[in-house]
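*Asks:* Structure supplied as start-v6.pdb; contents: PDB, C-alpha atoms, pLDDT in the B column.
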ATOM      1  CA  MET A   1      -9.613  44.116 -31.853  1.00 48.00           C
ATOM      2  CA  LYS A   2     -10.812  41.859 -29.047  1.00 55.00           C
ATOM      3  CA  SER A   3      -8.399  39.455 -27.544  1.00 57.00           C
ATOM      4  CA  ASN A   4      -9.794  36.374 -25.886  1.00 59.00           C
ATOM      5  CA  PRO A   5      -6.796  34.494 -24.514  1.00 60.00           C
ATOM      6  CA  THR A   6      -7.434  30.868 -23.676  1.00 56.00           C
ATOM      7  CA  LEU A   7      -6.417  29.516 -20.317  1.00 72.00           C
ATOM      8  CA  ASP A   8      -4.807  26.420 -21.787  1.00 72.00           C
ATOM      9  CA  PRO A   9      -2.075  27.027 -24.388  1.00 71.00           C
ATOM     10  CA  LEU A  10      -2.708  23.529 -25.749  1.00 68.00           C
ATOM     11  CA  ASP A  11      -6.063  24.758 -27.096  1.00 74.00           C
ATOM     12  CA  ARG A  12      -4.215  26.560 -29.897  1.00 80.00           C
ATOM     13  CA  LEU A  13      -2.591  23.340 -31.135  1.00 82.00           C
ATOM     14  CA  SER A  14      -4.036  20.837 -33.537  1.00 86.00           C
ATOM     15  CA  ARG A  15      -5.516  17.628 -32.179  1.00 86.00           C
ATOM     16  CA  SER A  16      -2.476  15.540 -33.134  1.00 89.00           C
ATOM     17  CA  ASP A  17      -0.076  18.083 -31.596  1.00 87.00           C
ATOM     18  CA  ARG A  18      -2.101  18.090 -28.367  1.00 86.00           C
ATOM     19  CA  ARG A  19      -2.012  14.306 -28.296  1.00 90.00           C
ATOM     20  CA  ASP A  20       1.777  14.387 -28.788  1.00 91.00           C
ATOM     21  CA  TRP A  21       2.227  16.949 -25.996  1.00 89.00           C
ATOM     22  CA  ARG A  22       0.077  14.971 -23.588  1.00 90.00           C
ATOM     23  CA  ALA A  23       1.952  11.773 -24.448  1.00 94.00           C
ATOM     24  CA  ALA A  24       5.242  13.600 -23.819  1.00 94.00           C
ATOM     25  CA  ALA A  25       3.919  14.873 -20.466  1.00 93.00           C
ATOM     26  CA  ARG A  26       2.903  11.347 -19.427  1.00 93.00           C
ATOM     27  CA  ARG A  27       6.307  10.014 -20.513  1.00 96.00           C
ATOM     28  CA  ALA A  28       8.117  12.731 -18.527  1.00 95.00           C
ATOM     29  CA  GLN A  29       5.958  11.950 -15.467  1.00 91.00           C
ATOM     30  CA  ARG A  30       6.745   8.214 -15.750  1.00 92.00           C
ATOM     31  CA  GLU A  31      10.473   8.936 -16.097  1.00 94.00           C
ATOM     32  CA  HIS A  32      10.420  11.276 -13.099  1.00 91.00           C
ATOM     33  CA  GLU A  33       8.580   8.717 -10.962  1.00 91.00           C
ATOM     34  CA  ALA A  34      11.047   6.004 -12.034  1.00 93.00           C
ATOM     35  CA  GLU A  35      13.951   8.254 -10.956  1.00 92.00           C
ATOM     36  CA  GLN A  36      12.238   8.941  -7.632  1.00 91.00           C
ATOM     37  CA  LEU A  37      11.621   5.215  -7.060  1.00 93.00           C
ATOM     38  CA  ALA A  38      15.226   4.317  -7.913  1.00 94.00           C
ATOM     39  CA  ALA A  39      16.495   6.973  -5.493  1.00 91.00           C
ATOM     40  CA  LEU A  40      14.207   5.747  -2.710  1.00 92.00           C
ATOM     41  CA  GLN A  41      15.181   2.122  -3.303  1.00 93.00           C
ATOM     42  CA  GLY A  42      18.824   3.170  -3.180  1.00 92.00           C
ATOM     43  CA  LEU A  43      18.220   4.882   0.162  1.00 91.00           C
ATOM     44  CA  ALA A  44      16.494   1.740   1.457  1.00 92.00           C
ATOM     45  CA  GLN A  45      19.287  -0.576   0.270  1.00 93.00           C
ATOM     46  CA  THR A  46      21.983   1.488   1.950  1.00 92.00           C
ATOM     47  CA  GLY A  47      20.100   1.368   5.249  1.00 87.00           C
ATOM     48  CA  CYS A  48      19.179   5.034   5.536  1.00 90.00           C
ATOM     49  CA  HIS A  49      17.129   6.215   8.479  1.00 90.00           C
ATOM     50  CA  VAL A  50      14.272   8.653   8.992  1.00 90.00           C
ATOM     51  CA  THR A  51      15.639  11.203  11.422  1.00 87.00           C
ATOM     52  CA  GLY A  52      12.861  13.795  11.404  1.00 87.00           C
ATOM     53  CA  MET A  53       9.300  14.280  10.368  1.00 88.00           C
ATOM     54  CA  ILE A  54       6.714  17.053  10.229  1.00 87.00           C
ATOM     55  CA  THR A  55       3.042  16.320   9.697  1.00 84.00           C
ATOM     56  CA  GLY A  56       0.557  18.882   8.524  1.00 77.00           C
ATOM     57  CA  ASP A  57      -3.064  19.261   9.436  1.00 71.00           C
ATOM     58  CA  SER A  58      -5.664  18.521   6.828  1.00 60.00           C
ATOM     59  CA  ALA A  59      -9.428  18.623   6.690  1.00 59.00           C
ATOM     60  CA  SER A  60      -9.586  14.865   6.162  1.00 58.00           C
ATOM     61  CA  GLY A  61      -9.547  12.766   9.309  1.00 76.00           C
ATOM     62  CA  PHE A  62      -7.766   9.775   7.774  1.00 84.00           C
ATOM     63  CA  CYS A  63      -5.013  11.413   5.727  1.00 86.00           C
ATOM     64  CA  ALA A  64      -2.394  14.075   6.326  1.00 87.00           C
ATOM     65  CA  PRO A  65       0.581  15.530   4.469  1.00 89.00           C
ATOM     66  CA  VAL A  66       4.025  14.699   5.824  1.00 90.00           C
ATOM     67  CA  GLU A  67       7.596  15.801   5.236  1.00 91.00           C
ATOM     68  CA  MET A  68      10.432  13.518   6.331  1.00 90.00           C
ATOM     69  CA  ILE A  69      14.196  13.739   6.510  1.00 89.00           C
ATOM     70  CA  ILE A  70      15.803  10.504   5.293  1.00 89.00           C
ATOM     71  CA  ASP A  71      19.587  10.505   5.487  1.00 85.00           C
ATOM     72  CA  GLY A  72      19.655  14.272   5.017  1.00 85.00           C
ATOM     73  CA  ARG A  73      17.245  14.266   2.041  1.00 88.00           C
ATOM     74  CA  ARG A  74      13.797  15.811   2.296  1.00 91.00           C
ATOM     75  CA  LEU A  75      10.842  13.718   1.199  1.00 91.00           C
ATOM     76  CA  ARG A  76       7.386  15.284   0.863  1.00 91.00           C
ATOM     77  CA  ALA A  77       4.272  13.117   0.792  1.00 89.00           C
ATOM     78  CA  TRP A  78       0.883  14.669   0.127  1.00 88.00           C
ATOM     79  CA  ARG A  79      -1.682  12.290   1.591  1.00 87.00           C
ATOM     80  CA  ALA A  80      -0.547   9.553   3.954  1.00 89.00           C
ATOM     81  CA  TYR A  81      -2.638   7.382   6.243  1.00 87.00           C
ATOM     82  CA  ARG A  82      -2.776   9.176   9.592  1.00 86.00           C
ATOM     83  CA  PRO A  83      -2.661   6.095  11.928  1.00 88.00           C
ATOM     84  CA  ALA A  84       0.535   4.912  10.207  1.00 89.00           C
ATOM     85  CA  LEU A  85       2.011   8.401  10.617  1.00 88.00           C
ATOM     86  CA  VAL A  86       1.185   8.317  14.335  1.00 88.00           C
ATOM     87  CA  ALA A  87       2.939   4.944  14.669  1.00 89.00           C
ATOM     88  CA  LEU A  88       5.982   6.288  12.799  1.00 89.00           C
ATOM     89  CA  ARG A  89       6.096   9.387  15.008  1.00 89.00           C
ATOM     90  CA  GLU A  90       5.941   7.207  18.147  1.00 89.00           C
ATOM     91  CA  ALA A  91       8.794   5.074  16.826  1.00 89.00           C
ATOM     92  CA  LEU A  92      10.852   8.200  16.131  1.00 88.00           C
ATOM     93  CA  THR A  93      10.325   9.471  19.678  1.00 87.00           C
ATOM     94  CA  ASN A  94      11.359   6.101  21.140  1.00 86.00           C
ATOM     95  CA  ILE A  95      14.445   5.253  19.071  1.00 83.00           C
ATOM     96  CA  ALA A  96      15.399   8.595  17.400  1.00 77.00           C
ATOM     97  CA  ASN A  97      15.760   7.101  13.895  1.00 82.00           C
ATOM     98  CA  VAL A  98      13.753   4.535  11.962  1.00 88.00           C
ATOM     99  CA  PRO A  99      15.326   2.638   9.050  1.00 91.00           C
ATOM    100  CA  LEU A 100      13.694   2.749   5.632  1.00 92.00           C
ATOM    101  CA  ALA A 101      13.357  -0.914   4.653  1.00 92.00           C
ATOM    102  CA  GLY A 102      11.853  -0.581   1.191  1.00 93.00           C
ATOM    103  CA  ALA A 103      10.091   1.541  -1.401  1.00 93.00           C
ATOM    104  CA  SER A 104       7.774   0.369  -4.154  1.00 94.00           C
ATOM    105  CA  ARG A 105       4.651   1.228  -6.109  1.00 92.00           C
ATOM    106  CA  TYR A 106       1.166  -0.217  -5.773  1.00 91.00           C
ATOM    107  CA  GLY A 107      -0.735   1.078  -8.769  1.00 88.00           C
ATOM    108  CA  PRO A 108      -0.763   4.876  -8.526  1.00 88.00           C
ATOM    109  CA  TYR A 109       0.352   4.796  -4.876  1.00 91.00           C
ATOM    110  CA  TRP A 110       3.790   4.802  -3.276  1.00 93.00           C
ATOM    111  CA  VAL A 111       4.531   2.204  -0.594  1.00 94.00           C
ATOM    112  CA  LEU A 112       7.202   3.034   1.969  1.00 93.00           C
ATOM    113  CA  THR A 113       8.162   0.278   4.409  1.00 93.00           C
ATOM    114  CA  PHE A 114       9.928   1.146   7.648  1.00 92.00           C
ATOM    115  CA  LYS A 115      11.635  -1.359   9.936  1.00 91.00           C
ATOM    116  CA  LEU A 116      10.372  -1.156  13.495  1.00 87.00           C
ATOM    117  CA  ALA A 117      11.456  -3.350  16.397  1.00 84.00           C
ATOM    118  CA  THR A 118       8.206  -5.315  16.482  1.00 85.00           C
ATOM    119  CA  GLU A 119       7.069  -5.452  12.855  1.00 89.00           C
ATOM    120  CA  PRO A 120       7.426  -3.577   9.563  1.00 91.00           C
ATOM    121  CA  LEU A 121       5.389  -0.392   9.227  1.00 91.00           C
ATOM    122  CA  VAL A 122       3.891   0.216   5.791  1.00 93.00           C
ATOM    123  CA  LEU A 123       2.989   3.753   4.740  1.00 91.00           C
ATOM    124  CA  LEU A 124       0.792   4.210   1.662  1.00 91.00           C
ATOM    125  CA  VAL A 125       1.098   7.624  -0.017  1.00 92.00           C
ATOM    126  CA  ASP A 126      -0.694   9.057  -3.051  1.00 89.00           C
ATOM    127  CA  ARG A 127       1.940  11.600  -4.213  1.00 89.00           C
ATOM    128  CA  LEU A 128       5.562  11.705  -3.209  1.00 90.00           C
ATOM    129  CA  THR A 129       8.519  13.935  -4.075  1.00 89.00           C
ATOM    130  CA  LEU A 130      12.157  13.734  -3.107  1.00 89.00           C
ATOM    131  CA  LEU A 131      13.158  17.367  -2.891  1.00 85.00           C
ATOM    132  CA  PRO A 132      16.523  18.373  -4.379  1.00 77.00           C
ATOM    133  CA  ASP A 133      19.349  19.501  -2.168  1.00 64.00           C
ATOM    134  CA  ARG A 134      19.404  23.225  -1.488  1.00 57.00           C
ATOM    135  CA  GLY A 135      22.898  23.618  -2.937  1.00 49.00           C
ATOM    136  CA  GLY A 136      22.122  22.397  -6.424  1.00 44.00           C
ATOM    137  CA  PHE A 137      19.833  20.630  -8.793  1.00 43.00           C
ATOM    138  CA  GLN A 138      19.526  16.979  -9.632  1.00 44.00           C
ATOM    139  CA  THR A 139      21.087  16.041 -12.936  1.00 41.00           C
ATOM    140  CA  ARG A 140      18.543  15.674 -15.709  1.00 41.00           C
ATOM    141  CA  ALA A 141      18.562  15.646 -19.481  1.00 38.00           C
ATOM    142  CA  PRO A 142      19.273  19.193 -20.728  1.00 38.00           C
ATOM    143  CA  ALA A 143      16.815  19.166 -23.640  1.00 39.00           C
ATOM    144  CA  PRO A 144      13.586  17.336 -24.456  1.00 40.00           C
ATOM    145  CA  SER A 145      13.889  14.326 -26.684  1.00 39.00           C
ATOM    146  CA  GLY A 146      11.441  12.368 -28.755  1.00 40.00           C
ATOM    147  CA  PRO A 147       8.859  13.422 -31.322  1.00 43.00           C
ATOM    148  CA  LEU A 148       8.298  16.884 -29.838  1.00 41.00           C
ATOM    149  CA  ALA A 149      11.899  18.088 -29.912  1.00 43.00           C
ATOM    150  CA  GLY A 150      11.298  20.065 -33.117  1.00 45.00           C
ATOM    151  CA  VAL A 151       7.802  21.402 -32.325  1.00 44.00           C
ATOM    152  CA  SER A 152       7.602  25.126 -31.630  1.00 43.00           C
ATOM    153  CA  LEU A 153       4.683  27.212 -30.450  1.00 42.00           C
TER
END
Translate this structure into structure tokens?
*Replies:*
Amino acid sequence: MKSNPTLDPLDRLSRSDRRDWRAAARRAQREHEAEQLAALQGLAQTGCHVTGMITGDSASGFCAPVEMIIDGRRLRAWRAYRPALVALREALTNIANVPLAGASRYGPYWVLTFKLATEPLVLLVDRLTLLPDRGGFQTRAPAPSGPLAGVSL
């Protein structure tokens, strides 16, 4: 008997089940991004500072990945505007820590605003993740909820 496994396990589901799974995935993504935004806004409101940053090289000349340390929490951004990263790095070398003034969304993008001595520095990022602490995991709901809680594969 020939076995032709599909690459996508959703291909075995009915159309309505696939639609439900994709809707659940979008809902989970929205909830995760809302948690990330609330955490970043909390860091900004308490006056947390960027104390370290590592930029990666990329093939694109205008964008680069970056990882920052904000009040002991690691933040990874995939594509950030390189001239803004250079300005942030210069500010870090001059004053050792740069305060995070705000965090918001602009469509699909994340907007991080840093308070410099002369003017605010705005960093636009396409994907952003606050990494959990090494000692444990962030608290999340233990089981899925909604229409797919009883669906089994």
*Asks:* Counting only C-alpha atoms, figure out which residue out of A:Trp110, A:Leu7, A:Leu43, A:Val125 gets nearest to Arg82 of chain A.
*Replies:*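 For Arg82 of chain A, the nearest of the candidates is A:Val125.
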*Asks:* For a test of reading the model, state the distance in Å between atom CA of Gly52 of chain A and atom CA of Glu33 of chain A, rounded to one decimal.
*Replies:*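 About the pair atom CA of Gly52 of chain A and atom CA of Glu33 of chain A: they are 23.3 Å apart.
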*Asks:* Expanded to explicit residues, what is the PyMOL selection byres ((chain A and resi 63-68) around 7) for this file, as a list in words?
*Replies:*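 Checked against the file, the PyMOL selection byres ((chain A and resi 63-68) around 7) matches Val50, Gly52, Met53, Ile54, Thr55, Gly56, Asp57, Ser58, Ser60, Gly61, Phe62, Ile69, Ile70, Arg74, Leu75, Arg76, Ala77, Trp78, Arg79, Ala80, Tyr81 and Arg82 of chain A.
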*Asks:* How big is the axis-aligned box around the listed atoms of segment 102-109 of chain A once 6 Å is added on each side, and where is its centre? Give both in Å to one decimal, as JSON.
*Replies:*
{"center_x": 5.5, "center_y": 2.1, "center_z": -3.8, "size_x": 24.6, "size_y": 17.5, "size_z": 22.0}
*Asks:* How many Å separate atom CA of Ala34 of chain A from atom CA of Val122 of chain A?
*Replies:*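 If I compute the distance from atom CA of Ala34 of chain A to atom CA of Val122 of chain A, I get 20.1 Å.
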*Asks:* Would you translate the PyMOL selection byres ((chain A and resi 88-102) around 7) into the concrete set of residues it matches in this file, as a PyMOL selection string?
*Replies:* chain A and resi 41+44+47-51+84-87+103-104+112-116
*Asks:* Grab the residues selected above and save them as a PDB file, in the frame of the given file with C-alpha atoms.
*Replies:*
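As a result, out14.pdb now contains:
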ATOM      1  CA  GLN A  41      15.181   2.122  -3.303  1.00 93.00           C
ATOM      2  CA  ALA A  44      16.494   1.740   1.457  1.00 92.00           C
ATOM      3  CA  GLY A  47      20.100   1.368   5.249  1.00 87.00           C
ATOM      4  CA  CYS A  48      19.179   5.034   5.536  1.00 90.00           C
ATOM      5  CA  HIS A  49      17.129   6.215   8.479  1.00 90.00           C
ATOM      6  CA  VAL A  50      14.272   8.653   8.992  1.00 90.00           C
ATOM      7  CA  THR A  51      15.639  11.203  11.422  1.00 87.00           C
ATOM      8  CA  ALA A  84       0.535   4.912  10.207  1.00 89.00           C
ATOM      9  CA  LEU A  85       2.011   8.401  10.617  1.00 88.00           C
ATOM     10  CA  VAL A  86       1.185   8.317  14.335  1.00 88.00           C
ATOM     11  CA  ALA A  87       2.939   4.944  14.669  1.00 89.00           C
ATOM     12  CA  ALA A 103      10.091   1.541  -1.401  1.00 93.00           C
ATOM     13  CA  SER A 104       7.774   0.369  -4.154  1.00 94.00           C
ATOM     14  CA  LEU A 112       7.202   3.034   1.969  1.00 93.00           C
ATOM     15  CA  THR A 113       8.162   0.278   4.409  1.00 93.00           C
ATOM     16  CA  PHE A 114       9.928   1.146   7.648  1.00 92.00           C
ATOM     17  CA  LYS A 115      11.635  -1.359   9.936  1.00 91.00           C
ATOM     18  CA  LEU A 116      10.372  -1.156  13.495  1.00 87.00           C
TER      19      LEU A 116
END
*Asks:* Mind giving me the straight-line distance from atom CA of Arg73 of chain A to atom CA of Glu119 of chain A in Å, one decimal?
*Replies:*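 Spanning atom CA of Arg73 of chain A to atom CA of Glu119 of chain A is a straight-line distance of 24.7 Å.
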*Asks:* Could you check which of A:Leu13, A:Ala28, A:Leu124, A:Leu130 is closest to Gly107 of chain A, using all atoms listed in the file?
*Replies:*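 Nearest to Gly107 of chain A: A:Leu124.
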